[in-house]
Amino acid sequence: MKSKSPNTSLRTGTKAAEIRQAFLDHLTCSLGRLPAYASAHDHYLALALTVRDHVVHLGVSSFGGKESKPQRRVAYLSAEFLPGPHLANHLLNLGLSETARKALASLDIDLDAVLEQEEEPGLGNGGLGRLASCYLDSLATVGVQSIGYGIRYEFGIFDQQIRDGWQVEITDKWLHGGNPWEIHRPGAARDVGFGGHTESWTDDFGRHRVRWLPAITVRGEAYDTPISGYNSDHIALMRLWKSEATESFDFEAFNHGNYDRAVEQKVDSENLSKVLYPNDSFRHGKELRLKQQFFFSSCSLQDMLRILEMQGAGPENFHEHWAVQLNDTHPAVAVAELMRLLIDVHLLAWDQAWEITRATFSYTNHTLLPEALEKWPIDLFGELLPRHLEIILEINARFLDEVRAAFPGEDWRIARLSIIDENGPRYVRMAHLACVGSHTVNGVAELHSELVKQTVLADFAEIWPEKFTNVTNGVTPRRFVALANPGLSTLLSKAAGKTWPGKLSKLSKLEALADDAEFRAKWRQVKLANKSRLAELITERTGILTDPTSLFDVQVKRIHEYKRQHLNLLHILSLYLKIKRDPTADIPARTFIFGGKAAPGYFLAKQIIRISTAAGELINDDPDIAGRLKVVFFPDFNVRNAQYVYPAADLSEQISMAGMEASGTGNMKMSLNGALTIGTLDGANVEIREAVGEENFFLFGLTADEVSEVEVCGHHPRQHYESDTELRETIDFIASGALGGGSGLFQPLIANLLEHDPYLVLADFRAYGEAQQRVSELWTNPEDWARASILNTARMGKFSSDRSIREYCQRIWKVKPGKPSE
Ligand SMILES: *Cc1c(COP(=O)(O)O)cnc(C)c1O
């Protein structure tokens, strides 16, 4: 840590004068700018390079050390990471925020203006990528040697603009201003093959050998981004792979004047890591996607073998040196790739290789949604990865033989367990591959982990019950409280001591203060200030004026039918109609805030965005409403914006159809920041409610069991429409065209609800409205609300990602964190 050894290095000094000097040196020597002519962006780059020196210095000491007995390292394989802006987070972790502010102030530079300059790496869609980044943060914090492996997408998740009420996607050019955080490692580059064919022969020792002769080879270039931990001398590494052509040009083609063909392969190779697929919780059946998955899985495993060799160990010790976590099935092909590397390249026998593989991998399931379960047409798979298909078929044959031996006469198990789906056109089922190839499979919240065992992987849970476990997700309190909510942080430090960001269970000390009127007043002041800050931002971005004293009712997350933003909208419109009918209706002022991106090809999700902007256009300036209701769609929900939104929430909308949201993490971020939740018994909501107390949580809706019952028995959305006057009037109102755009505009959404309603919006409408009524009632008593808000924060200690990571370390990876537990 900063003060451990007396530091005389010019680059890592921690006094304001030293930081100031390092900053000026970077400005001139690294960026070639005269301080007098430097732009705000130059200031950002120079400070980033200054801070990077500190972090990299820590990294070299924590990674480079030659321990007598090397610790098992963790490799977290994830196709997505969503780190958010790095600079402020490093300053916080290093304890340098105030010093840096002082150093810059002495040069007449405002730190906040500098922080504004950073482009965040949008290398993920939403919760899954953000989880991976929270976990790297915690790995560094608790002190585990770890690498998060992924893809360095040139274009991450699109930037969202709202034009005429609709989402418009803008290319994310996050690298255009330069990326000061990454370090290119040419020495770590690895080659990855695609296509071609395999050959087998018997070698001089009489061994059956197979070699893969790929048709093309792509080079993976390694780019390292250091991830600091809180008050920690460890750093984690995010190592992202960029694809490049192995040769710059096909010179033969070039010399024959075929310029097009000469550049073709180069372009194809570079396209591999060009862009992130922008669908959340949805399978992409595209060949390029499979290529991306194999590309980063292969690069990462080859990298681990390279490091192993540097440590003087052999491939037969792979599992002793590496615990590899598969974040969903996106990297599941790694199971086959490790087998290939061990057998074909390192010449291990099958049985030994298989033992090593299974001792290495563990797999996290993130979804039960059928449309998100990855499967690849076997022909496509075989054309792209012929050797891997052979290996998968061999794994499958041996696995199914074991099943037959263990369950004689129960052949029905075979088709259900097989890695190959043979019901019709044949597919490789990636969840089955991940499950067979892993020693442990976990879900991400208690309910979800149970449902994994009862549904998608039920047949596996029956034969291997001990393989399945739960690790409830968590979020980092550094970024999402200490950084995002400085007002609250000050209050928490006074009330619970300064150590809470690294020991979140300390927050329980707040409990007693919930009954302290003076403390509640301060608590409310902080929330109000956060809401004012967000209100300003809302006006700046949308032109909408909001009242910070109104209830801020927030639903921010990817737009998806299963998350049911349209249930929220039906409720808003029903309140609107109520006030129109009866201007004296007792409805406390509310500001409804939506945010989130819709997948570009997801028509209904885009309709949901449009209906929320239409509701705003209708309601916000209606003189009859007189500002009592406001509806805001906050554009471009990303990590930076999230840091403004979560701390300003009074009410957290977690209203997915029960059984659909694996965990959710937005729910944790908001409750930790003192929002009360209105939610279904879904994902981690269940555990949040248990933790904060049922009297501090607004529960409604069908349970997961009731949902499956309805699904089995069939349901009739029209019956709800017919029998519930309020619901009928609201839907008729939308269908009438009163929201503008003509009566046909929202017809697809209305028809979907009335004819299919796959996520039971209409079935839960009444219960939701009643829960919202309870919200309004509590809101009218600010003291009671503040008490419940304090208790939410006080009781959320469990949901730190440090706790999740310690569970993975202890129960799954078998590694010992450097920092002892709380
Ligand atoms: C936490 C987070 C999410 C996940 O939100 P859910 O409500 O759990 O779906 C998505 N996007 C960003 C930017 C986040 O910070």
# chains A, B, ... in the order shown; residues from 1 in each chain; ligands from 1
call {"tool": "residues_near_ligand", "arguments": {"ligand": "ligand 1", "cutoff": "8 Å", "atoms": "only C-alpha atoms and all ligand atoms", "output": "number ranges by chain"}}
result
A: 82, 125-128, 130-131, 475, 555-558, 596, 637-643, 654, 663-669
call {"tool": "write_last_selection", "arguments": {"atoms": "N, CA and C atoms", "output": "mmCIF file, in the first residue's frame"}}
result
data_model
loop_
_atom_site.group_PDB
_atom_site.id
_atom_site.type_symbol
_atom_site.label_atom_id
_atom_site.label_comp_id
_atom_site.auth_asym_id
_atom_site.auth_seq_id
_atom_site.Cartn_x
_atom_site.Cartn_y
_atom_site.Cartn_z
ATOM 1 N N LEU A 82 -17.606 -4.765 -17.642
ATOM 2 C CA LEU A 82 -18.177 -3.424 -17.666
ATOM 3 C C LEU A 82 -17.580 -2.631 -16.498
ATOM 4 N N ASN A 125 -22.948 -5.881 -21.778
ATOM 5 C CA ASN A 125 -24.328 -5.470 -22.007
ATOM 6 C C ASN A 125 -25.001 -4.924 -20.759
ATOM 7 N N GLY A 126 -24.726 -5.553 -19.621
ATOM 8 C CA GLY A 126 -25.448 -5.160 -18.407
ATOM 9 C C GLY A 126 -24.934 -5.927 -17.216
ATOM 10 N N GLY A 127 -25.844 -6.575 -16.509
ATOM 11 C CA GLY A 127 -25.521 -7.213 -15.241
ATOM 12 C C GLY A 127 -24.356 -8.198 -15.288
ATOM 13 N N LEU A 128 -24.318 -9.041 -16.312
ATOM 14 C CA LEU A 128 -23.281 -10.080 -16.363
ATOM 15 C C LEU A 128 -21.873 -9.483 -16.469
ATOM 16 N N ARG A 130 -21.069 -6.368 -15.670
ATOM 17 C CA ARG A 130 -20.802 -5.576 -14.473
ATOM 18 C C ARG A 130 -20.391 -6.488 -13.313
ATOM 19 N N LEU A 131 -21.003 -7.661 -13.229
ATOM 20 C CA LEU A 131 -20.643 -8.619 -12.183
ATOM 21 C C LEU A 131 -19.169 -9.003 -12.318
ATOM 22 N N VAL A 475 -22.131 -6.784 -5.058
ATOM 23 C CA VAL A 475 -21.659 -5.599 -5.802
ATOM 24 C C VAL A 475 -20.560 -4.929 -4.983
ATOM 25 N N GLN A 555 -36.552 2.666 -12.275
ATOM 26 C CA GLN A 555 -36.331 1.363 -12.910
ATOM 27 C C GLN A 555 -35.269 1.523 -13.983
ATOM 28 N N VAL A 556 -34.038 1.156 -13.658
ATOM 29 C CA VAL A 556 -32.930 1.258 -14.611
ATOM 30 C C VAL A 556 -32.279 -0.107 -14.761
ATOM 31 N N LYS A 557 -32.230 -0.608 -15.975
ATOM 32 C CA LYS A 557 -31.697 -1.927 -16.295
ATOM 33 C C LYS A 557 -31.950 -2.144 -17.783
ATOM 34 N N ARG A 558 -31.383 -3.194 -18.371
ATOM 35 C CA ARG A 558 -31.696 -3.445 -19.772
ATOM 36 C C ARG A 558 -33.212 -3.538 -19.959
ATOM 37 N N GLY A 596 -32.086 2.472 -19.610
ATOM 38 C CA GLY A 596 -31.661 1.149 -20.068
ATOM 39 C C GLY A 596 -31.666 1.063 -21.576
ATOM 40 N N PHE A 637 -28.038 4.658 -20.290
ATOM 41 C CA PHE A 637 -27.717 4.096 -18.977
ATOM 42 C C PHE A 637 -26.441 3.253 -19.083
ATOM 43 N N ASN A 638 -25.378 3.734 -18.469
ATOM 44 C CA ASN A 638 -24.106 3.006 -18.432
ATOM 45 C C ASN A 638 -23.553 3.140 -17.013
ATOM 46 N N VAL A 639 -22.329 2.709 -16.783
ATOM 47 C CA VAL A 639 -21.835 2.713 -15.400
ATOM 48 C C VAL A 639 -21.701 4.137 -14.871
ATOM 49 N N ARG A 640 -21.165 5.021 -15.703
ATOM 50 C CA ARG A 640 -21.019 6.404 -15.247
ATOM 51 C C ARG A 640 -22.373 6.989 -14.840
ATOM 52 N N ASN A 641 -23.371 6.835 -15.698
ATOM 53 C CA ASN A 641 -24.687 7.377 -15.374
ATOM 54 C C ASN A 641 -25.323 6.659 -14.187
ATOM 55 N N ALA A 642 -25.053 5.361 -14.111
ATOM 56 C CA ALA A 642 -25.588 4.576 -12.991
ATOM 57 C C ALA A 642 -25.127 5.165 -11.655
ATOM 58 N N GLN A 643 -23.906 5.675 -11.631
ATOM 59 C CA GLN A 643 -23.363 6.222 -10.385
ATOM 60 C C GLN A 643 -24.103 7.491 -9.945
ATOM 61 N N GLN A 654 -38.007 -3.670 -8.882
ATOM 62 C CA GLN A 654 -37.424 -4.983 -9.198
ATOM 63 C C GLN A 654 -38.578 -5.946 -9.440
ATOM 64 N N SER A 663 -30.422 -13.193 -10.623
ATOM 65 C CA SER A 663 -30.121 -12.563 -9.341
ATOM 66 C C SER A 663 -30.570 -11.113 -9.353
ATOM 67 N N GLY A 664 -30.035 -10.378 -10.350
ATOM 68 C CA GLY A 664 -30.153 -8.935 -10.311
ATOM 69 C C GLY A 664 -29.024 -8.427 -9.428
ATOM 70 N N THR A 665 -28.464 -7.290 -9.788
ATOM 71 C CA THR A 665 -27.485 -6.625 -8.931
ATOM 72 C C THR A 665 -27.859 -5.161 -8.762
ATOM 73 N N GLY A 666 -28.653 -4.631 -9.697
ATOM 74 C CA GLY A 666 -29.172 -3.277 -9.546
ATOM 75 C C GLY A 666 -29.998 -3.196 -8.264
ATOM 76 N N ASN A 667 -30.732 -4.267 -7.964
ATOM 77 C CA ASN A 667 -31.520 -4.322 -6.726
ATOM 78 C C ASN A 667 -30.621 -4.091 -5.502
ATOM 79 N N MET A 668 -29.419 -4.715 -5.530
ATOM 80 C CA MET A 668 -28.495 -4.560 -4.387
ATOM 81 C C MET A 668 -27.943 -3.133 -4.311
ATOM 82 N N LYS A 669 -27.566 -2.593 -5.481
ATOM 83 C CA LYS A 669 -26.965 -1.259 -5.484
ATOM 84 C C LYS A 669 -27.940 -0.236 -4.908
#
call {"tool": "select_by_dssp", "arguments": {"residues": "range 690-783 of chain A", "states": "alpha helix (DSSP H)", "output": "PDB file with N, CA and C atoms, in the first residue's frame"}}
result
ATOM      1  N   GLU A 690     -35.268 -10.842   2.925  1.00  0.00           N
ATOM      2  CA  GLU A 690     -34.939 -11.514   4.188  1.00  0.00           C
ATOM      3  C   GLU A 690     -33.984 -10.673   5.027  1.00  0.00           C
ATOM      4  N   ALA A 691     -33.016 -10.057   4.348  1.00  0.00           N
ATOM      5  CA  ALA A 691     -31.990  -9.302   5.073  1.00  0.00           C
ATOM      6  C   ALA A 691     -32.554  -8.005   5.653  1.00  0.00           C
ATOM      7  N   VAL A 692     -33.322  -7.274   4.839  1.00  0.00           N
ATOM      8  CA  VAL A 692     -33.744  -5.944   5.301  1.00  0.00           C
ATOM      9  C   VAL A 692     -35.021  -6.003   6.130  1.00  0.00           C
ATOM     10  N   ALA A 704     -42.579 -17.866  -8.072  1.00  0.00           N
ATOM     11  CA  ALA A 704     -42.060 -18.696  -9.170  1.00  0.00           C
ATOM     12  C   ALA A 704     -42.890 -19.970  -9.318  1.00  0.00           C
ATOM     13  N   ASP A 705     -43.284 -20.561  -8.194  1.00  0.00           N
ATOM     14  CA  ASP A 705     -44.116 -21.767  -8.256  1.00  0.00           C
ATOM     15  C   ASP A 705     -45.472 -21.468  -8.885  1.00  0.00           C
ATOM     16  N   GLU A 706     -46.049 -20.347  -8.479  1.00  0.00           N
ATOM     17  CA  GLU A 706     -47.364 -19.988  -9.046  1.00  0.00           C
ATOM     18  C   GLU A 706     -47.246 -19.693 -10.533  1.00  0.00           C
ATOM     19  N   VAL A 707     -46.143 -19.080 -10.916  1.00  0.00           N
ATOM     20  CA  VAL A 707     -45.922 -18.800 -12.335  1.00  0.00           C
ATOM     21  C   VAL A 707     -45.867 -20.106 -13.119  1.00  0.00           C
ATOM     22  N   SER A 708     -45.115 -21.083 -12.610  1.00  0.00           N
ATOM     23  CA  SER A 708     -45.035 -22.325 -13.402  1.00  0.00           C
ATOM     24  C   SER A 708     -46.372 -23.047 -13.441  1.00  0.00           C
ATOM     25  N   GLU A 709     -47.148 -22.906 -12.363  1.00  0.00           N
ATOM     26  CA  GLU A 709     -48.484 -23.488 -12.369  1.00  0.00           C
ATOM     27  C   GLU A 709     -49.347 -22.851 -13.460  1.00  0.00           C
ATOM     28  N   VAL A 710     -49.304 -21.517 -13.503  1.00  0.00           N
ATOM     29  CA  VAL A 710     -50.066 -20.798 -14.528  1.00  0.00           C
ATOM     30  C   VAL A 710     -49.611 -21.232 -15.916  1.00  0.00           C
ATOM     31  N   GLU A 711     -48.296 -21.404 -16.064  1.00  0.00           N
ATOM     32  CA  GLU A 711     -47.790 -21.780 -17.375  1.00  0.00           C
ATOM     33  C   GLU A 711     -48.244 -23.177 -17.785  1.00  0.00           C
ATOM     34  N   VAL A 712     -48.334 -24.074 -16.789  1.00  0.00           N
ATOM     35  CA  VAL A 712     -48.785 -25.429 -17.086  1.00  0.00           C
ATOM     36  C   VAL A 712     -50.285 -25.424 -17.428  1.00  0.00           C
ATOM     37  N   CYS A 713     -51.064 -24.719 -16.614  1.00  0.00           N
ATOM     38  CA  CYS A 713     -52.521 -24.751 -16.785  1.00  0.00           C
ATOM     39  C   CYS A 713     -53.026 -23.843 -17.901  1.00  0.00           C
ATOM     40  N   PRO A 717     -54.941 -13.849 -20.447  1.00  0.00           N
ATOM     41  CA  PRO A 717     -54.725 -12.438 -20.124  1.00  0.00           C
ATOM     42  C   PRO A 717     -55.986 -11.612 -20.314  1.00  0.00           C
ATOM     43  N   ARG A 718     -56.810 -11.987 -21.270  1.00  0.00           N
ATOM     44  CA  ARG A 718     -58.020 -11.209 -21.516  1.00  0.00           C
ATOM     45  C   ARG A 718     -58.963 -11.186 -20.321  1.00  0.00           C
ATOM     46  N   GLN A 719     -58.938 -12.264 -19.545  1.00  0.00           N
ATOM     47  CA  GLN A 719     -59.810 -12.287 -18.366  1.00  0.00           C
ATOM     48  C   GLN A 719     -59.458 -11.157 -17.396  1.00  0.00           C
ATOM     49  N   HIS A 720     -58.154 -10.914 -17.231  1.00  0.00           N
ATOM     50  CA  HIS A 720     -57.755  -9.811 -16.359  1.00  0.00           C
ATOM     51  C   HIS A 720     -58.209  -8.483 -16.954  1.00  0.00           C
ATOM     52  N   TYR A 721     -58.075  -8.397 -18.256  1.00  0.00           N
ATOM     53  CA  TYR A 721     -58.486  -7.180 -18.954  1.00  0.00           C
ATOM     54  C   TYR A 721     -59.982  -6.941 -18.767  1.00  0.00           C
ATOM     55  N   GLU A 722     -60.750  -8.003 -18.899  1.00  0.00           N
ATOM     56  CA  GLU A 722     -62.206  -7.862 -18.792  1.00  0.00           C
ATOM     57  C   GLU A 722     -62.634  -7.561 -17.358  1.00  0.00           C
ATOM     58  N   SER A 723     -61.988  -8.185 -16.403  1.00  0.00           N
ATOM     59  CA  SER A 723     -62.515  -8.118 -15.041  1.00  0.00           C
ATOM     60  C   SER A 723     -61.968  -6.930 -14.243  1.00  0.00           C
ATOM     61  N   THR A 725     -61.391  -3.106 -14.145  1.00  0.00           N
ATOM     62  CA  THR A 725     -61.781  -1.879 -14.840  1.00  0.00           C
ATOM     63  C   THR A 725     -60.587  -0.951 -15.061  1.00  0.00           C
ATOM     64  N   GLU A 726     -59.798  -0.812 -14.018  1.00  0.00           N
ATOM     65  CA  GLU A 726     -58.671   0.104 -14.091  1.00  0.00           C
ATOM     66  C   GLU A 726     -57.685  -0.340 -15.178  1.00  0.00           C
ATOM     67  N   LEU A 727     -57.436  -1.634 -15.206  1.00  0.00           N
ATOM     68  CA  LEU A 727     -56.526  -2.186 -16.210  1.00  0.00           C
ATOM     69  C   LEU A 727     -57.108  -1.985 -17.608  1.00  0.00           C
ATOM     70  N   ARG A 728     -58.400  -2.256 -17.740  1.00  0.00           N
ATOM     71  CA  ARG A 728     -59.034  -2.163 -19.054  1.00  0.00           C
ATOM     72  C   ARG A 728     -58.977  -0.717 -19.557  1.00  0.00           C
ATOM     73  N   GLU A 729     -59.297   0.208 -18.660  1.00  0.00           N
ATOM     74  CA  GLU A 729     -59.283   1.615 -19.076  1.00  0.00           C
ATOM     75  C   GLU A 729     -57.886   2.059 -19.482  1.00  0.00           C
ATOM     76  N   THR A 730     -56.891   1.562 -18.768  1.00  0.00           N
ATOM     77  CA  THR A 730     -55.514   1.945 -19.089  1.00  0.00           C
ATOM     78  C   THR A 730     -55.106   1.401 -20.454  1.00  0.00           C
ATOM     79  N   ILE A 731     -55.427   0.144 -20.683  1.00  0.00           N
ATOM     80  CA  ILE A 731     -55.057  -0.456 -21.971  1.00  0.00           C
ATOM     81  C   ILE A 731     -55.841   0.191 -23.110  1.00  0.00           C
ATOM     82  N   ASP A 732     -57.120   0.433 -22.867  1.00  0.00           N
ATOM     83  CA  ASP A 732     -57.932   1.090 -23.906  1.00  0.00           C
ATOM     84  C   ASP A 732     -57.383   2.486 -24.217  1.00  0.00           C
ATOM     85  N   PHE A 733     -56.940   3.136 -23.174  1.00  0.00           N
ATOM     86  CA  PHE A 733     -56.383   4.479 -23.333  1.00  0.00           C
ATOM     87  C   PHE A 733     -55.158   4.439 -24.262  1.00  0.00           C
ATOM     88  N   ILE A 734     -54.275   3.475 -24.029  1.00  0.00           N
ATOM     89  CA  ILE A 734     -53.092   3.343 -24.891  1.00  0.00           C
ATOM     90  C   ILE A 734     -53.530   3.002 -26.317  1.00  0.00           C
ATOM     91  N   ALA A 735     -54.474   2.057 -26.427  1.00  0.00           N
ATOM     92  CA  ALA A 735     -54.911   1.595 -27.750  1.00  0.00           C
ATOM     93  C   ALA A 735     -55.620   2.707 -28.524  1.00  0.00           C
ATOM     94  N   GLN A 747     -49.955  -0.833 -31.009  1.00  0.00           N
ATOM     95  CA  GLN A 747     -50.771  -2.017 -31.226  1.00  0.00           C
ATOM     96  C   GLN A 747     -50.001  -3.318 -30.971  1.00  0.00           C
ATOM     97  N   PRO A 748     -48.772  -3.428 -31.452  1.00  0.00           N
ATOM     98  CA  PRO A 748     -48.033  -4.693 -31.223  1.00  0.00           C
ATOM     99  C   PRO A 748     -47.866  -5.007 -29.734  1.00  0.00           C
ATOM    100  N   LEU A 749     -47.606  -3.984 -28.938  1.00  0.00           N
ATOM    101  CA  LEU A 749     -47.416  -4.197 -27.506  1.00  0.00           C
ATOM    102  C   LEU A 749     -48.742  -4.606 -26.858  1.00  0.00           C
ATOM    103  N   ILE A 750     -49.804  -3.889 -27.229  1.00  0.00           N
ATOM    104  CA  ILE A 750     -51.131  -4.203 -26.682  1.00  0.00           C
ATOM    105  C   ILE A 750     -51.541  -5.618 -27.078  1.00  0.00           C
ATOM    106  N   ALA A 751     -51.347  -5.945 -28.352  1.00  0.00           N
ATOM    107  CA  ALA A 751     -51.739  -7.281 -28.822  1.00  0.00           C
ATOM    108  C   ALA A 751     -50.940  -8.337 -28.076  1.00  0.00           C
ATOM    109  N   VAL A 761     -47.837  -9.916 -17.136  1.00  0.00           N
ATOM    110  CA  VAL A 761     -47.981  -8.516 -16.724  1.00  0.00           C
ATOM    111  C   VAL A 761     -49.400  -8.267 -16.219  1.00  0.00           C
ATOM    112  N   LEU A 762     -50.390  -8.739 -16.965  1.00  0.00           N
ATOM    113  CA  LEU A 762     -51.767  -8.454 -16.592  1.00  0.00           C
ATOM    114  C   LEU A 762     -52.151  -9.200 -15.313  1.00  0.00           C
ATOM    115  N   ALA A 763     -51.612 -10.400 -15.168  1.00  0.00           N
ATOM    116  CA  ALA A 763     -51.930 -11.186 -13.965  1.00  0.00           C
ATOM    117  C   ALA A 763     -51.409 -10.504 -12.703  1.00  0.00           C
ATOM    118  N   ASP A 764     -50.316  -9.781 -12.812  1.00  0.00           N
ATOM    119  CA  ASP A 764     -49.724  -9.140 -11.636  1.00  0.00           C
ATOM    120  C   ASP A 764     -50.103  -7.662 -11.487  1.00  0.00           C
ATOM    121  N   PHE A 765     -50.878  -7.146 -12.428  1.00  0.00           N
ATOM    122  CA  PHE A 765     -51.170  -5.710 -12.422  1.00  0.00           C
ATOM    123  C   PHE A 765     -51.851  -5.245 -11.137  1.00  0.00           C
ATOM    124  N   ARG A 766     -52.846  -5.984 -10.713  1.00  0.00           N
ATOM    125  CA  ARG A 766     -53.632  -5.580  -9.534  1.00  0.00           C
ATOM    126  C   ARG A 766     -52.750  -5.576  -8.270  1.00  0.00           C
ATOM    127  N   ALA A 767     -52.014  -6.671  -8.091  1.00  0.00           N
ATOM    128  CA  ALA A 767     -51.163  -6.786  -6.895  1.00  0.00           C
ATOM    129  C   ALA A 767     -50.084  -5.692  -6.893  1.00  0.00           C
ATOM    130  N   TYR A 768     -49.596  -5.378  -8.075  1.00  0.00           N
ATOM    131  CA  TYR A 768     -48.571  -4.337  -8.184  1.00  0.00           C
ATOM    132  C   TYR A 768     -49.148  -2.985  -7.780  1.00  0.00           C
ATOM    133  N   GLY A 769     -50.342  -2.699  -8.286  1.00  0.00           N
ATOM    134  CA  GLY A 769     -50.993  -1.437  -7.941  1.00  0.00           C
ATOM    135  C   GLY A 769     -51.219  -1.318  -6.443  1.00  0.00           C
ATOM    136  N   GLU A 770     -51.591  -2.427  -5.823  1.00  0.00           N
ATOM    137  CA  GLU A 770     -51.827  -2.391  -4.370  1.00  0.00           C
ATOM    138  C   GLU A 770     -50.527  -2.151  -3.609  1.00  0.00           C
ATOM    139  N   ALA A 771     -49.453  -2.796  -4.083  1.00  0.00           N
ATOM    140  CA  ALA A 771     -48.148  -2.573  -3.435  1.00  0.00           C
ATOM    141  C   ALA A 771     -47.734  -1.119  -3.608  1.00  0.00           C
ATOM    142  N   GLN A 772     -47.995  -0.553  -4.776  1.00  0.00           N
ATOM    143  CA  GLN A 772     -47.655   0.851  -5.005  1.00  0.00           C
ATOM    144  C   GLN A 772     -48.473   1.771  -4.098  1.00  0.00           C
ATOM    145  N   GLN A 773     -49.681   1.349  -3.795  1.00  0.00           N
ATOM    146  CA  GLN A 773     -50.511   2.099  -2.850  1.00  0.00           C
ATOM    147  C   GLN A 773     -49.841   2.129  -1.470  1.00  0.00           C
ATOM    148  N   ARG A 774     -49.282   0.988  -1.069  1.00  0.00           N
ATOM    149  CA  ARG A 774     -48.580   0.923   0.228  1.00  0.00           C
ATOM    150  C   ARG A 774     -47.333   1.814   0.201  1.00  0.00           C
ATOM    151  N   VAL A 775     -46.687   1.866  -0.970  1.00  0.00           N
ATOM    152  CA  VAL A 775     -45.526   2.754  -1.118  1.00  0.00           C
ATOM    153  C   VAL A 775     -45.955   4.192  -0.848  1.00  0.00           C
ATOM    154  N   SER A 776     -47.042   4.602  -1.495  1.00  0.00           N
ATOM    155  CA  SER A 776     -47.513   5.978  -1.339  1.00  0.00           C
ATOM    156  C   SER A 776     -47.854   6.292   0.110  1.00  0.00           C
ATOM    157  N   GLU A 777     -48.466   5.320   0.769  1.00  0.00           N
ATOM    158  CA  GLU A 777     -48.842   5.549   2.160  1.00  0.00           C
ATOM    159  C   GLU A 777     -47.620   5.757   3.045  1.00  0.00           C
ATOM    160  N   LEU A 778     -46.619   4.913   2.880  1.00  0.00           N
ATOM    161  CA  LEU A 778     -45.419   5.075   3.711  1.00  0.00           C
ATOM    162  C   LEU A 778     -44.712   6.390   3.389  1.00  0.00           C
ATOM    163  N   TRP A 779     -44.725   6.743   2.101  1.00  0.00           N
ATOM    164  CA  TRP A 779     -44.028   7.980   1.672  1.00  0.00           C
ATOM    165  C   TRP A 779     -44.617   9.214   2.352  1.00  0.00           C
ATOM    166  N   PRO A 782     -42.640  10.748   6.236  1.00  0.00           N
ATOM    167  CA  PRO A 782     -41.207  10.803   5.922  1.00  0.00           C
ATOM    168  C   PRO A 782     -40.321  10.192   6.992  1.00  0.00           C
ATOM    169  N   GLU A 783     -40.737  10.275   8.254  1.00  0.00           N
ATOM    170  CA  GLU A 783     -39.903   9.700   9.315  1.00  0.00           C
ATOM    171  C   GLU A 783     -39.873   8.175   9.220  1.00  0.00           C
TER     172      GLU A 783
END
call {"tool": "closest_atom_pairs", "arguments": {"of": "range 486-598 of chain A", "to": "range 791-797 of chain A", "cutoff": "12 Å", "atoms": "only C-alpha atoms", "output": "CSV"}}
result
residue,atom,partner,partner_atom,distance
A:Leu488,CA,A:Thr793,CA,10.1
A:Ser489,CA,A:Thr793,CA,11.3
A:Leu491,CA,A:Thr793,CA,11.7
A:Leu492,CA,A:Ala794,CA,9.4
A:Ala495,CA,A:Ala794,CA,10.4
A:Ala496,CA,A:Ala794,CA,9.4
A:Trp500,CA,A:Gly797,CA,9.0
A:Pro501,CA,A:Gly797,CA,9.9
A:Gly502,CA,A:Gly797,CA,10.4
A:Lys503,CA,A:Gly797,CA,8.0
A:Leu504,CA,A:Gly797,CA,4.6
A:Ser505,CA,A:Gly797,CA,4.1
A:Lys506,CA,A:Gly797,CA,7.2
A:Leu507,CA,A:Ala794,CA,4.8
A:Ser508,CA,A:Ala794,CA,4.7
A:Lys509,CA,A:Ala794,CA,7.0
A:Leu510,CA,A:Ala794,CA,5.3
A:Glu511,CA,A:Ala794,CA,5.7
A:Ala512,CA,A:Leu791,CA,9.1
A:Leu513,CA,A:Leu791,CA,9.0
A:Ala514,CA,A:Leu791,CA,6.6
A:Asp515,CA,A:Leu791,CA,9.9
A:Arg520,CA,A:Leu791,CA,11.0
A:Trp523,CA,A:Thr793,CA,11.0
call {"tool": "atom_distance", "arguments": {"atom1": "CA of Asp172 in chain A", "atom2": "CA of Ile157 in chain A"}}
result
6.4 Å
call {"tool": "residues_around", "arguments": {"residues": "Asn485 in chain A", "least_positions_apart": "2", "cutoff": "8 Å", "atoms": "only C-alpha atoms", "output": "count of residues only"}}
result
11
call {"tool": "decode", "arguments": {"residues": "range 273-277 of chain A", "atoms": "N, CA and C atoms", "output": "compact mmCIF listing (two decimals), in the first residue's frame"}}
result
# COMPACT_ATOMS: atom_id res chain seq x y z
N SER A 273 -12.57 -9.29 -33.15
CA SER A 273 -12.78 -8.58 -31.88
C SER A 273 -13.33 -7.17 -32.12
N LYS A 274 -13.92 -6.98 -33.28
CA LYS A 274 -14.36 -5.63 -33.65
C LYS A 274 -15.50 -5.12 -32.78
N VAL A 275 -16.51 -5.96 -32.55
CA VAL A 275 -17.72 -5.41 -31.92
C VAL A 275 -18.41 -6.40 -30.98
N LEU A 276 -18.90 -5.86 -29.89
CA LEU A 276 -19.67 -6.63 -28.90
C LEU A 276 -21.08 -6.88 -29.43
N TYR A 277 -21.57 -8.10 -29.31
CA TYR A 277 -22.98 -8.35 -29.65
C TYR A 277 -23.87 -7.69 -28.60
